[in-house]
Each structure stands twice: as structure tokens, then as C-alpha cells.
file model16.cif (mmCIF, C-alpha atoms)
data_entry
loop_
_atom_site.label_atom_id
_atom_site.label_comp_id
_atom_site.auth_asym_id
_atom_site.auth_seq_id
_atom_site.Cartn_x
_atom_site.Cartn_y
_atom_site.Cartn_z
CA MET N 18 1.78 -34.17 -24.68
CA VAL N 19 1.35 -36.14 -27.90
CA ASN N 20 -0.95 -33.44 -29.20
CA SER N 21 1.55 -30.73 -28.57
CA MET N 22 4.23 -32.58 -30.53
CA VAL N 23 1.98 -32.93 -33.53
CA GLN N 24 0.79 -29.39 -33.88
CA THR N 25 2.71 -26.22 -33.28
CA PRO N 26 0.59 -23.92 -31.12
CA LYS N 27 0.67 -20.50 -32.70
CA GLY N 28 0.68 -17.34 -30.69
CA LYS N 29 -2.59 -16.14 -32.14
CA GLU N 30 -6.10 -15.56 -30.95
CA GLY N 31 -7.92 -18.62 -29.65
CA ASP N 32 -4.79 -20.69 -29.61
CA THR N 33 -3.62 -23.19 -27.04
CA LEU N 34 -0.42 -21.36 -26.10
CA ALA N 35 -1.93 -18.45 -24.15
CA PRO N 36 -5.70 -18.90 -24.04
CA LYS N 37 -7.87 -15.83 -23.60
CA THR N 38 -10.61 -17.55 -21.63
CA LEU N 39 -10.71 -19.77 -18.59
CA GLU N 40 -12.78 -22.31 -20.52
CA ALA N 41 -10.10 -22.63 -23.19
CA ALA N 42 -7.39 -23.01 -20.57
CA LEU N 43 -9.34 -25.70 -18.73
CA ALA N 44 -9.97 -27.55 -21.98
CA SER N 45 -6.22 -27.55 -22.64
CA LEU N 46 -5.48 -28.76 -19.14
CA ALA N 47 -8.04 -31.55 -19.42
CA GLN N 48 -6.48 -32.87 -22.62
CA GLU N 49 -2.80 -32.24 -22.53
CA GLY N 50 -1.64 -32.17 -18.94
CA ALA N 51 0.07 -28.88 -19.60
CA ILE N 52 2.00 -27.00 -16.92
CA PRO N 53 0.23 -23.80 -15.87
CA TYR N 54 2.61 -20.84 -16.26
CA ALA N 55 1.62 -17.74 -14.29
CA GLY N 56 4.60 -15.46 -13.64
CA GLY N 57 7.30 -17.98 -14.44
CA THR N 58 9.58 -16.82 -11.64
CA ASP N 59 9.73 -20.22 -9.97
CA LEU N 60 9.13 -22.43 -13.00
CA MET N 61 11.84 -20.85 -15.10
CA VAL N 62 14.60 -21.44 -12.59
CA ALA N 63 14.65 -25.03 -13.87
CA GLU N 64 16.55 -25.50 -17.11
CA ASP N 65 14.05 -27.43 -19.20
CA GLU N 66 12.84 -25.56 -22.22
CA ARG N 67 10.74 -28.40 -23.58
CA ARG N 68 8.08 -28.28 -20.90
CA PRO N 69 4.51 -27.88 -22.21
CA PHE N 70 3.61 -24.55 -20.63
CA LEU N 71 0.12 -23.14 -20.67
CA PHE N 72 0.46 -19.36 -20.36
CA LEU N 73 -2.23 -17.87 -18.15
CA HIS N 74 -1.65 -14.11 -18.35
CA ASN N 75 -4.45 -13.41 -20.84
CA ILE N 76 -7.22 -14.87 -18.68
CA ALA N 77 -9.30 -12.10 -17.14
CA GLU N 78 -10.75 -14.33 -14.40
CA LEU N 79 -7.29 -14.71 -12.90
CA GLN N 80 -6.69 -10.95 -12.69
CA GLY N 81 -9.71 -9.93 -10.66
CA PHE N 82 -10.06 -8.51 -7.19
CA SER N 83 -13.26 -8.03 -5.25
CA GLU N 84 -14.55 -8.22 -1.73
CA ASP N 85 -17.76 -9.08 -0.01
CA ASP N 86 -18.71 -9.05 3.66
CA GLU N 87 -16.77 -12.17 4.41
CA TYR N 88 -13.84 -12.41 1.97
CA TYR N 89 -11.26 -10.64 -0.09
CA ARG N 90 -11.31 -12.48 -3.40
CA LEU N 91 -7.99 -12.39 -5.18
CA GLY N 92 -7.44 -13.64 -8.70
CA ALA N 93 -4.62 -16.15 -8.67
CA GLY N 94 -2.82 -14.27 -11.45
CA LEU N 95 -2.37 -11.03 -9.52
CA THR N 96 1.29 -10.09 -9.35
CA TYR N 97 2.91 -8.95 -6.13
CA THR N 98 3.35 -5.51 -7.68
CA ARG N 99 -0.38 -5.30 -8.41
CA ILE N 100 -1.15 -6.34 -4.84
CA MET N 101 1.25 -3.76 -3.42
CA ASN N 102 -0.12 -0.94 -5.55
CA ASP N 103 -3.81 -1.60 -4.89
CA LYS N 104 -5.05 0.34 -1.88
CA ARG N 105 -7.97 -2.04 -1.38
CA MET N 106 -5.68 -4.98 -0.56
CA PRO N 107 -5.37 -6.23 3.03
CA ALA N 108 -2.38 -4.62 4.74
CA LEU N 109 -0.96 -7.92 5.95
CA LEU N 110 -0.76 -9.27 2.43
CA VAL N 111 0.73 -6.03 1.10
CA GLU N 112 3.39 -6.15 3.80
CA ALA N 113 4.35 -9.71 2.90
CA ALA N 114 4.29 -9.04 -0.86
CA SER N 115 6.51 -5.98 -0.54
CA GLN N 116 9.21 -8.06 1.14
CA ILE N 117 9.30 -10.73 -1.54
CA ALA N 118 12.41 -10.73 -3.72
CA ALA N 119 12.88 -7.50 -5.70
CA PRO N 120 10.93 -5.34 -8.17
CA ALA N 121 11.52 -7.44 -11.30
CA ILE N 122 10.37 -10.61 -9.55
CA ARG N 123 7.39 -8.86 -7.97
CA ASN N 124 6.40 -7.57 -11.41
CA ALA N 125 6.12 -11.10 -12.77
CA GLY N 126 5.49 -13.40 -9.81
CA THR N 127 1.88 -14.06 -8.84
CA ILE N 128 0.12 -14.95 -5.64
CA GLY N 129 -1.37 -18.06 -7.25
CA GLY N 130 2.04 -19.17 -8.41
CA ASN N 131 3.45 -18.57 -4.95
CA ILE N 132 0.89 -21.02 -3.56
CA ALA N 133 0.88 -23.57 -6.37
CA ASN N 134 4.67 -23.84 -6.28
CA ALA N 135 4.17 -25.05 -2.71
CA SER N 136 7.39 -23.88 -1.18
CA PRO N 137 7.33 -23.84 2.63
CA LYS N 138 9.22 -20.54 2.33
CA ALA N 139 6.55 -18.81 0.26
CA ASP N 140 5.85 -15.53 2.02
CA SER N 141 2.40 -14.79 0.62
CA ALA N 142 1.33 -18.41 1.17
CA LEU N 143 2.29 -17.96 4.83
CA VAL N 144 -0.17 -15.10 5.12
CA LEU N 145 -2.90 -17.17 3.49
CA VAL N 146 -2.28 -20.04 5.90
CA ALA N 147 -2.29 -17.75 8.94
CA THR N 148 -5.59 -16.25 7.82
CA ASP N 149 -7.18 -19.65 7.09
CA SER N 150 -7.77 -18.61 3.50
CA LEU N 151 -9.53 -20.78 0.96
CA VAL N 152 -8.54 -21.60 -2.59
CA ARG N 153 -10.90 -22.07 -5.49
CA LEU N 154 -9.86 -24.78 -7.94
CA VAL N 155 -11.69 -25.01 -11.23
CA SER N 156 -11.66 -27.72 -13.87
CA ALA N 157 -13.74 -28.44 -16.95
CA ALA N 158 -15.70 -30.84 -14.75
CA GLY N 159 -16.54 -28.37 -11.99
CA GLU N 160 -15.01 -26.53 -9.11
CA ARG N 161 -14.18 -26.89 -5.44
CA VAL N 162 -13.26 -24.47 -2.69
CA ILE N 163 -10.94 -25.90 -0.03
CA PRO N 164 -8.92 -24.55 2.91
CA ILE N 165 -5.38 -23.74 1.87
CA GLY N 166 -4.16 -26.21 4.48
CA GLN N 167 -5.77 -28.97 2.44
CA PHE N 168 -4.13 -27.65 -0.71
CA LEU N 169 -0.54 -27.35 0.48
CA VAL N 170 0.41 -30.84 1.60
CA GLY N 171 4.17 -31.03 1.17
CA ARG N 172 7.26 -29.48 -0.33
CA GLN N 173 6.27 -28.69 -3.92
CA LYS N 174 3.23 -30.85 -3.37
CA THR N 175 -0.38 -29.75 -3.64
CA THR N 176 -3.70 -31.52 -4.02
CA ARG N 177 -4.35 -29.82 -7.36
CA ARG N 178 -5.37 -32.36 -9.98
CA PRO N 179 -3.61 -31.96 -13.33
CA ASP N 180 -6.85 -30.81 -14.97
CA GLU N 181 -7.50 -28.16 -12.33
CA LEU N 182 -6.46 -24.55 -12.22
CA LEU N 183 -6.06 -22.44 -9.10
CA VAL N 184 -8.33 -19.54 -10.00
CA GLU N 185 -9.05 -17.57 -6.87
CA ILE N 186 -7.99 -17.10 -3.27
CA LEU N 187 -10.58 -16.22 -0.63
CA MET N 188 -9.06 -14.45 2.35
CA PRO N 189 -11.40 -14.10 5.34
CA LYS N 190 -11.69 -10.46 6.44
CA ARG N 191 -12.69 -11.12 10.00
CA TRP N 192 -9.45 -11.23 11.98
CA LEU N 193 -7.13 -9.07 9.92
CA ALA N 194 -7.09 -5.89 12.00
CA ASP N 195 -4.24 -6.77 14.34
CA TYR N 196 -1.40 -8.72 12.81
CA ARG N 197 2.35 -9.09 12.72
CA PHE N 198 4.40 -10.29 9.78
CA THR N 199 8.09 -10.95 10.22
CA LYS N 200 10.44 -12.22 7.59
CA VAL N 201 13.84 -13.24 8.88
CA GLY N 202 16.19 -13.14 5.93
CA GLY N 203 19.87 -12.63 5.30
CA ARG N 204 19.41 -9.29 3.54
CA LYS N 205 16.81 -6.66 2.80
CA ALA N 206 15.97 -7.76 -0.73
CA LEU N 207 16.14 -11.00 -2.71
CA ALA N 208 16.11 -12.89 0.57
CA ILE N 209 14.77 -16.39 0.90
CA SER N 210 13.19 -16.58 4.33
CA ARG N 211 15.20 -18.34 7.04
CA VAL N 212 12.10 -18.17 9.16
CA SER N 213 8.90 -16.33 8.42
CA PHE N 214 6.13 -15.59 10.84
CA ALA N 215 2.59 -14.31 10.66
CA GLY N 216 0.41 -13.78 13.72
CA LEU N 217 -3.17 -12.58 14.11
CA PHE N 218 -4.75 -11.52 17.36
CA ALA N 219 -8.09 -10.18 18.50
CA ALA N 220 -9.46 -9.46 21.95
CA GLU N 221 -12.67 -7.95 23.20
CA SER N 222 -13.33 -6.75 26.74
CA GLY N 223 -10.07 -8.34 27.84
CA VAL N 224 -10.94 -11.75 26.42
CA ILE N 225 -8.99 -13.31 23.57
CA GLN N 226 -11.26 -13.85 20.58
CA HIS N 227 -8.73 -15.02 18.06
CA LEU N 228 -5.11 -16.11 17.91
CA ALA N 229 -3.51 -17.62 14.84
CA LEU N 230 0.18 -18.16 14.29
CA ALA N 231 1.88 -19.54 11.21
CA PHE N 232 5.53 -20.29 10.60
CA GLY N 233 7.20 -20.57 7.22
CA ALA N 234 10.54 -22.00 6.12
CA VAL N 235 10.81 -24.43 9.01
CA GLU N 236 9.17 -27.65 7.81
CA ASP N 237 8.04 -29.12 4.50
CA THR N 238 4.82 -27.17 4.75
CA ILE N 239 3.87 -23.94 6.45
CA VAL N 240 3.07 -24.69 10.08
CA ARG N 241 -0.30 -23.69 11.55
CA ARG N 242 -1.74 -25.40 14.63
CA PRO N 243 -5.20 -24.07 15.52
CA GLN N 244 -5.46 -26.44 18.46
CA ILE N 245 -2.38 -24.91 20.11
CA ASP N 246 -3.54 -21.33 19.65
CA GLY N 247 -6.96 -22.52 20.78
CA LEU N 248 -5.50 -23.03 24.28
CA LEU N 249 -5.69 -19.27 24.72
CA ILE N 250 -8.85 -18.39 22.83
CA GLY N 251 -11.71 -17.49 25.14
CA LYS N 252 -9.27 -16.77 27.98
CA SER N 253 -8.80 -13.51 29.79
CA VAL N 254 -5.44 -11.77 29.62
CA GLU N 255 -4.59 -13.04 33.09
CA GLU N 256 -5.55 -16.60 32.23
CA ALA N 257 -3.59 -16.37 29.00
CA ARG N 258 -0.51 -15.16 30.88
CA ALA N 259 -0.78 -18.13 33.21
CA LEU N 260 -1.14 -20.48 30.23
CA SER N 261 1.48 -18.86 28.03
CA GLU N 262 4.30 -21.21 29.03
CA GLU N 263 2.15 -24.21 28.29
CA TRP N 264 1.20 -22.63 24.97
CA LEU N 265 4.83 -21.97 24.08
CA ALA N 266 5.84 -25.49 25.12
CA ALA N 267 3.16 -26.86 22.82
CA TRP N 268 4.62 -24.85 19.95
CA ASP N 269 8.08 -26.07 20.92
CA ALA N 270 6.87 -29.64 20.66
CA ALA N 271 4.95 -29.03 17.44
CA ILE N 272 7.72 -27.46 15.36
CA THR N 273 10.30 -29.81 13.92
CA PRO N 274 12.54 -27.65 11.78
CA LEU N 275 14.52 -29.08 8.93
CA ARG N 276 18.23 -28.45 8.66
CA GLY N 277 18.65 -26.19 5.66
CA ARG N 278 21.06 -23.38 4.99
CA VAL N 279 20.60 -22.50 8.62
CA SER N 280 20.48 -24.93 11.51
CA ALA N 281 17.32 -26.53 12.84
CA ARG N 282 18.16 -25.26 16.30
CA TYR N 283 18.36 -21.68 15.09
CA ARG N 284 15.08 -21.98 13.24
CA LYS N 285 13.31 -23.46 16.25
CA GLN N 286 14.60 -20.79 18.60
CA VAL N 287 13.63 -17.96 16.24
CA CYS N 288 10.12 -19.41 15.89
CA LEU N 289 9.67 -19.58 19.63
CA ASN N 290 11.09 -16.09 20.14
CA LEU N 291 8.72 -14.68 17.54
CA ALA N 292 5.74 -16.50 19.05
CA ALA N 293 6.53 -15.41 22.61
CA ALA N 294 7.20 -11.81 21.62
CA PHE N 295 3.99 -11.62 19.62
CA LEU N 296 1.83 -12.96 22.43
CA LYS N 297 3.52 -10.77 25.02
CA SER N 298 3.00 -7.61 22.98
CA ARG N 299 -0.67 -8.41 22.42
CA LEU N 300 -1.38 -9.27 26.02
CA GLU N 301 0.28 -6.03 27.09
CA SER N 302 -1.74 -3.97 24.64
CA THR N 303 -4.96 -5.70 25.72
CA ASP N 304 -4.40 -4.94 29.40
CA MET V 8 6.62 -27.60 -26.97
CA ARG V 9 7.31 -25.50 -30.02
CA CYS V 10 5.59 -22.22 -30.74
CA GLU V 11 5.57 -19.44 -33.29
CA ILE V 12 5.23 -15.96 -31.90
CA GLU V 13 5.35 -12.37 -33.00
CA PHE V 14 6.61 -9.70 -30.64
CA THR V 15 8.27 -6.30 -30.77
CA LEU V 16 11.96 -6.29 -30.04
CA ASN V 17 13.56 -2.88 -29.58
CA GLY V 18 10.86 -1.36 -31.73
CA ALA V 19 10.99 -3.91 -34.56
CA THR V 20 8.24 -6.44 -35.24
CA THR V 21 9.89 -9.80 -34.86
CA GLN V 22 8.85 -13.36 -35.64
CA TRP V 23 10.33 -16.17 -33.68
CA ALA V 24 9.83 -19.93 -33.63
CA GLY V 25 11.23 -22.39 -31.16
CA GLU V 26 10.66 -24.04 -27.81
CA ALA V 27 8.04 -22.07 -25.86
CA GLY V 28 9.97 -22.73 -22.65
CA ARG V 29 13.24 -21.25 -23.88
CA LYS V 30 14.56 -18.43 -21.74
CA LEU V 31 14.21 -14.96 -23.23
CA LEU V 32 17.75 -14.28 -21.99
CA ASP V 33 19.21 -17.06 -24.14
CA VAL V 34 17.28 -16.03 -27.23
CA LEU V 35 18.28 -12.38 -26.90
CA ARG V 36 21.95 -13.21 -26.54
CA ASP V 37 22.36 -16.27 -28.74
CA GLU V 38 19.89 -15.63 -31.55
CA PHE V 39 19.61 -11.84 -31.70
CA ALA V 40 23.18 -11.08 -30.55
CA LEU V 41 21.88 -8.58 -27.99
CA VAL V 42 24.77 -9.22 -25.66
CA GLY V 43 24.17 -6.10 -23.59
CA VAL V 44 21.74 -8.39 -21.81
CA LYS V 45 24.08 -10.05 -19.33
CA CYS V 46 23.80 -13.51 -17.88
CA GLY V 47 24.71 -13.61 -14.22
CA CYS V 48 22.79 -16.32 -12.43
CA ARG V 49 19.94 -17.67 -14.60
CA GLU V 50 17.64 -17.77 -11.55
CA GLY V 51 16.45 -14.22 -10.92
CA GLU V 52 18.97 -13.45 -8.20
CA CYS V 53 21.20 -10.87 -9.85
CA GLY V 54 19.27 -8.64 -12.24
CA ALA V 55 22.05 -8.54 -14.86
CA CYS V 56 19.62 -9.83 -17.51
CA SER V 57 16.91 -7.25 -16.77
CA VAL V 58 14.83 -6.05 -19.70
CA LEU V 59 11.59 -4.12 -20.00
CA MET V 60 8.58 -6.18 -21.06
CA ASP V 61 5.65 -3.94 -21.95
CA GLY V 62 7.46 -1.25 -19.96
CA VAL V 63 7.78 -3.42 -16.86
CA LEU V 64 11.13 -4.54 -15.45
CA VAL V 65 11.59 -8.32 -15.60
CA ASN V 66 14.46 -10.77 -15.39
CA SER V 67 14.82 -12.18 -18.90
CA CYS V 68 16.21 -15.42 -17.47
CA LEU V 69 12.78 -16.08 -15.93
CA VAL V 70 10.63 -15.32 -18.97
CA ALA V 71 9.66 -18.14 -21.31
CA MET V 72 9.50 -17.24 -24.99
CA GLY V 73 5.90 -18.41 -25.24
CA ARG V 74 4.92 -15.64 -22.84
CA LEU V 75 5.98 -12.98 -25.33
CA GLN V 76 3.32 -13.23 -28.02
CA GLY V 77 2.23 -9.64 -28.69
CA CYS V 78 4.61 -8.15 -26.11
CA GLU V 79 7.13 -5.35 -26.46
CA VAL V 80 10.62 -6.12 -25.26
CA LEU V 81 13.19 -3.39 -24.76
CA THR V 82 16.82 -4.24 -24.06
CA ILE V 83 19.67 -1.89 -23.30
CA GLU V 84 20.47 -1.84 -27.05
CA GLY V 85 17.09 -0.27 -27.75
CA TYR V 86 17.05 1.92 -24.69
CA ARG V 87 20.42 3.48 -25.46
CA LEU V 88 18.86 5.33 -28.40
CA THR V 89 16.67 7.39 -26.08
CA GLU V 90 17.18 10.80 -24.52
CA ARG V 91 16.59 9.29 -21.11
CA PHE V 92 19.50 6.94 -21.63
CA LYS V 93 21.81 9.85 -22.43
CA VAL V 94 20.95 11.48 -19.12
CA LEU V 95 21.59 8.29 -17.17
CA ASP V 96 24.76 7.59 -19.14
CA ARG V 97 26.17 11.03 -18.34
CA ALA V 98 25.17 10.80 -14.69
CA LEU V 99 26.86 7.41 -14.29
CA ALA V 100 30.02 8.68 -16.02
CA ASN V 101 30.17 11.83 -13.90
CA ARG V 102 30.16 9.78 -10.74
CA SER V 103 32.50 7.10 -12.11
CA ALA V 104 29.71 4.77 -11.12
CA VAL V 105 30.72 2.00 -13.51
CA GLN V 106 33.57 -0.32 -12.69
CA CYS V 107 33.55 -3.73 -14.38
CA GLY V 108 30.25 -2.79 -15.96
CA TYR V 109 28.62 -6.20 -15.99
CA CYS V 110 25.63 -5.15 -13.88
CA ILE V 111 25.16 -1.79 -15.58
CA PRO V 112 22.77 -2.65 -18.44
CA GLY V 113 20.41 -4.16 -15.88
CA MET V 114 20.97 -1.29 -13.48
CA VAL V 115 20.16 1.26 -16.18
CA LEU V 116 16.90 -0.50 -17.07
CA ALA V 117 16.00 -0.82 -13.39
CA ALA V 118 16.67 2.93 -13.10
CA GLU V 119 14.43 3.60 -16.10
CA ALA V 120 11.63 1.50 -14.58
CA LEU V 121 12.01 3.37 -11.31
CA LEU V 122 12.10 6.86 -12.81
CA ALA V 123 9.18 6.12 -15.14
CA ALA V 124 7.07 5.27 -12.08
CA CYS V 125 8.61 7.78 -9.71
CA PRO V 126 10.42 10.69 -11.47
CA ARG V 127 11.86 12.25 -8.31
CA PRO V 128 12.70 9.35 -6.03
CA SER V 129 14.29 9.55 -2.60
CA ASP V 130 17.58 7.81 -1.92
CA ALA V 131 15.65 5.00 -0.22
CA GLU V 132 13.35 4.64 -3.22
CA VAL V 133 16.34 4.45 -5.55
CA ARG V 134 17.91 1.71 -3.46
CA ARG V 135 14.63 -0.18 -3.38
CA GLY V 136 14.34 0.22 -7.14
CA LEU V 137 17.82 -1.27 -7.58
CA SER V 138 17.36 -3.95 -4.94
CA GLY V 139 17.15 -6.76 -7.49
CA ASN V 140 20.36 -5.76 -9.22
CA LEU V 141 23.58 -6.99 -7.69
CA CYS V 142 26.88 -5.18 -8.15
CA ARG V 143 30.07 -6.66 -6.77
CA CYS V 144 32.34 -3.70 -7.58
CA THR V 145 30.90 -0.36 -6.64
CA GLY V 146 29.18 -0.71 -3.29
CA TYR V 147 26.13 0.91 -4.93
CA ASN V 148 26.61 4.42 -3.56
CA ALA V 149 27.89 5.91 -6.80
CA ILE V 150 25.18 4.19 -8.82
CA ALA V 151 22.41 5.37 -6.48
CA GLY V 152 23.89 8.88 -6.50
CA ALA V 153 24.03 8.92 -10.29
CA ILE V 154 20.38 7.96 -10.54
CA LEU V 155 19.44 10.75 -8.15
CA ASP V 156 21.51 13.13 -10.33
CA ALA V 157 19.76 11.87 -13.45
CA SER V 158 16.37 12.40 -11.88
CA LYS V 159 17.23 16.06 -11.40
CA GLU V 160 19.08 16.66 -14.66
CA GLY V 161 16.46 14.84 -16.70
CA GLU V 162 13.73 17.20 -15.54
CA GLY V 163 10.69 16.64 -17.68
CA LEU V 164 12.03 13.52 -19.41
CA TRP V 165 10.45 11.18 -16.88
#

call {"tool": "encode", "arguments": {"input": "model16.cif", "output": "C-alpha cells"}}
result
Amino acid sequence: MVNSMVQTPKGKEGDTLAPKTLEAALASLAQEGAIPYAGGTDLMVAEDERRPFLFLHNIAELQGFSEDDEYYRLGAGLTYTRIMNDKRMPALLVEAASQIAAPAIRNAGTIGGNIANASPKADSALVLVATDSLVRLVSAAGERVIPIGQFLVGRQKTTRRPDELLVEILMPKRWLADYRFTKVGGRKALAISRVSFAGLFAAESGVIQHLALAFGAVEDTIVRRPQIDGLLIGKSVEEARALSEEWLAAWDAAITPLRGRVSARYRKQVCLNLAAAFLKSRLESTD
Amino acid sequence: MRCEIEFTLNGATTQWAGEAGRKLLDVLRDEFALVGVKCGCREGECGACSVLMDGVLVNSCLVAMGRLQGCEVLTIEGYRLTERFKVLDRALANRSAVQCGYCIPGMVLAAEALLAACPRPSDAEVRRGLSGNLCRCTGYNAIAGAILDASKEGEGLW
């Protein structure tokens, strides 16, 4: 911070305001404790023009998209609009992105920012939690790849160190074929989720191979409980039907909604309705 | 954190120095007197402050000045000099689509962004294109209708 008061960063090549390379950005982060600025759509709501922003839009590594056998690899700086307009993107993520805010926000807001801002109502983060995605954090000292559940640890709280940058998201491809995304909002656009839901399901020969539910906007972090969904994995449709009340009761016990603009009771009931409806529809279609 | 930047504002190369975190909205209105850029909510909820940044619709209340180095910013004051604006202007007038008018500069730029990407939109596409722009007077129907009119009358412009 002291550095930034002494010199005025100029908006020219190789500067510290909007570095053109990841290395330069990481060097700035290591020294100055700057605030990474991706799309600005969350950061700029706060009225504090003196913050030491580090503008990330010029860094090519944050704009990439590729896939291998196992993962979709999304640059953290991809905007929602870019995600929506790229036919290679996973449909679940496109569906969530297209329901975020409105065009002007989607043009600026990024998937990395949506995660790093660590709102429990973040719709693309919900998808990444439901899919057990990984995040790649890079610093001048090295890098680490961690499950998103270990990154998002509280309301506006992540395990990112100040010298680290969220560079890439790795979304596993394996269980994406059959999904449901539901955003419960007060209006069609510019809605902040009252409850958001993502569910993944897979069955083979009548046996459940995968079940993953995630709920947004109900607690301080997005809720995902693999051990609860695990009750039904490996079970036949009939067994799953017999266990479904136990499964739903476990979700009932696991979710402790906060009272926000809508009541905790409403949030809880909507979560359970969404969970029950999702399971029912998948068991029926598996029969 | 202070910065010095150079960007293009309504076609003119412009130097600016100040806090990098200052809102583009405030600079446009308070320093460049571009008061066609309206301030409604300062948090990206209303779209009244919409501008085009490198041809892309953004809320100027959510853009920090430091982001603008090398960018082109177009406000309603610059856009109104174009042929496309004249078509939209006429279409809005013909439908009496403007009441208090506060949302209209943002609406017009949202319409431009939509038509540039999709010259012959459906009614649903128009409404989606305007979905970040709130209007408390008109109920939207006249505005959406005017944009559909403009898309037909402006054949070849978009």
C-alpha cells in the first residue's frame, strides 16, 4: 500500500495498474496486497474509490478455455456472456450463467469473481460446488489445486492468501449429463436468489451411480453434503425409493437456513421441495 | 490509489488522472458533464447509467476508472450523433414510449447493444436485452414495441 502511495501507476504497458502477464500480476500481489479486480460488478457496489485495485482483464491466462478427458478448464476471467456464447461450455453452467442478473452485468462479471466474492447466493459458484469442481490458485511462490469446498469457507470468506490469484476452475466432466438447475428469485432478471438448487444424477442398469445436490442462498456457504447423497448411491431404484424419506430427513436436519429477505422456514421448505422433486423425477425416469 | 489513464470518450482521446477506484458514472457526470448518463442506484440494479465500453453494454456505476486504460467509452451524448440513434429516437417518439425519460438513455444504449448483436430480434429477445434496465413509468410495452419498430425501419443499419 505504501508503494502505491509513492508512485502513481500509469496506464501504460508493463505497468502495475493492469498487468499484461500473470507473472507481473503475481509480483504485484506479493508486494502490495492489492485487491484483484476482475469484472468489478461486486467490488464496485462498495463506495470506496481509494482501494488499491489490480485490474486483471489483460491477462491471457485468465481468459482461456480448454478441456481434457477429465475436466473443463475455465479461465477465472471468463465473463458470463463469454460462457453463454461459447458452444463448448457445459450446459449446466450456461444455464446458471444465463440467469445471472442482466446483460450489462453478465458482460462484465466473471466466473472467478463470482467465486472469489464468496457469496452463498452466487449462482455459478453453486454449479461448481454441485459438480465438485476444483480451483487453481497461483502465487509467485507456486500453485495449488483445491476442491472448491475448501476454498469457499464462509460469507465473503475464502482460503485465498493475499498473494494468490484464482486463475482457473476445473469442472469434472463425468457426471454432467443429467442435471437440474433451479433459481428461485423474485423476478426474471436482476434477481438475487432466494434459494438456488443444482442437482446431478446418474444411473446405470437401474442402479444409482451418482447423486449430488447443492443449495445456494440458504446458509453462509453453499450447502453440499456428499454423505447424505451417498445414502442412495449404489442403490437400486426400489431401494432408493424406500430410503428416500430417510434421505430427505437427513437434508432437513442438515440445512439451517438464515433469515434474510425471506424467512428461514420458507427457504428450508423450498430446499426440501426441490430435493424431493428432483429425486422423484430421476427415479421415475430410471424405472 | 491514483492512476493516469488515456481512453477514448465519445470518439475523443481523453487523458484522466485520479483515483483508480472512482466510478466511471461519477466521472462522466461530475467531471465531463455528460449528464445523459443517469444515476439510479449505484449498484448495477437499474441500468440508468448504462454506457458502451468497447461496444459492450456495461453499468458505468460498476466500472472503476483504472479499468478504462485504452478503452472506448460511448455515452448517449456520443451515440445521439449516429444514424442508428435517429431511428431509435423516431421509433420511441412514434410510440410515445418515453414518459419521465430517466431510464431512456440507458434503454437506448441497451437497445443498441441488442440490435448490434441481433439485428432482427423477437419480442422475447428485446425484453431480455432490456432486462437490466428498469422503467417505473411505461410498463415496458411501448419501449419494447419501439425497439422492434426500429429494427425493421433501420434495415441495414444494424

call {"tool": "closest_residue", "arguments": {"input": "model16.cif", "among": "N:Ser156, N:Asn134, N:Asn75, N:Asn124", "to": "Met60 of chain V", "atoms": "only C-alpha atoms"}}
result
N:Asn124

call {"tool": "resolve_selection", "arguments": {"input": "model16.cif", "expression": "the PyMOL selection byres ((chain V and resi 26) around 7)", "output": "compact mmCIF listing (two decimals) with C-alpha atoms, keeping the file's coordinate frame"}}
result
# COMPACT_ATOMS: atom_id res chain seq x y z
CA GLU N 66 12.84 -25.56 -22.22
CA ARG N 67 10.74 -28.40 -23.58
CA MET V 8 6.62 -27.60 -26.97
CA ARG V 9 7.31 -25.50 -30.02
CA CYS V 10 5.59 -22.22 -30.74
CA GLY V 25 11.23 -22.39 -31.16
CA ALA V 27 8.04 -22.07 -25.86
CA GLY V 28 9.97 -22.73 -22.65
CA ARG V 29 13.24 -21.25 -23.88

call {"tool": "residues_around", "arguments": {"input": "model16.cif", "residues": "Ala119 of chain N", "least_positions_apart": "3", "cutoff": "7 Å", "atoms": "only C-alpha atoms", "output": "ChimeraX atom specification"}}
result
/N:122-123,206-207 /V:138-139

call {"tool": "closest_residue", "arguments": {"input": "model16.cif", "among": "N:Thr98, N:Ser115, N:Thr176, N:Gln80", "to": "Ile132 of chain N", "atoms": "all atoms listed in the file"}}
result
N:Thr176

call {"tool": "residues_near_point", "arguments": {"input": "model16.cif", "point": "(17.5, -16.2, -29.6)", "cutoff": "12 Å", "atoms": "all atoms listed in the file", "output": "JSON, numbers by chain"}}
result
{"V": [16, 21, 22, 23, 24, 25, 26, 27, 29, 30, 31, 32, 33, 34, 35, 36, 37, 38, 39, 40, 41, 42, 44, 67, 71, 72]}

call {"tool": "residues_around", "arguments": {"input": "model16.cif", "residues": "Ala100 of chain V", "least_positions_apart": "4", "cutoff": "12 Å", "atoms": "only C-alpha atoms", "output": "list in words"}}
result
Lys93, Val94, Leu95, Asp96, Ala104, Val105, Gln106, Gly108, Ile111, Ala149, Ile150, Gly152, Ala153, Ile154, Asp156 and Ala157 of chain V

call {"tool": "resolve_selection", "arguments": {"input": "model16.cif", "expression": "the PyMOL selection byres ((chain V) within 9 of (chain N))", "output": "PyMOL selection string"}}
result
chain V and resi 8-13+26-30+49-54+57+63-66+68-71+73-77+117+135-140

call {"tool": "atom_distance", "arguments": {"input": "model16.cif", "atom1": "atom CA of Gln286 of chain N", "atom2": "atom CA of Phe218 of chain N"}}
result
21.5 Å

call {"tool": "atom_distance", "arguments": {"input": "model16.cif", "atom1": "atom CA of Tyr283 of chain N", "atom2": "atom CA of Trp268 of chain N"}}
result
14.9 Å

call {"tool": "atom_distance", "arguments": {"input": "model16.cif", "atom1": "atom CA of Ala124 of chain V", "atom2": "atom CA of Arg99 of chain N"}}
result
13.4 Å

call {"tool": "resolve_selection", "arguments": {"input": "model16.cif", "expression": "the PyMOL selection byres ((chain N and resi 211) around 12)", "output": "MDAnalysis selection string"}}
result
chainID N and resid 137:140 199:204 208:210 212:214 232:236 274:288

call {"tool": "closest_residue", "arguments": {"input": "model16.cif", "among": "N:Glu84, N:Glu263, N:Asp269, N:Asp237", "to": "Arg105 of chain N", "atoms": "only C-alpha atoms"}}
result
N:Glu84

call {"tool": "residues_around", "arguments": {"input": "model16.cif", "residues": "Leu122 of chain V", "least_positions_apart": "6", "cutoff": "8 Å", "atoms": "only C-alpha atoms", "output": "PyMOL selection string"}}
result
chain V and resi 128+158+165
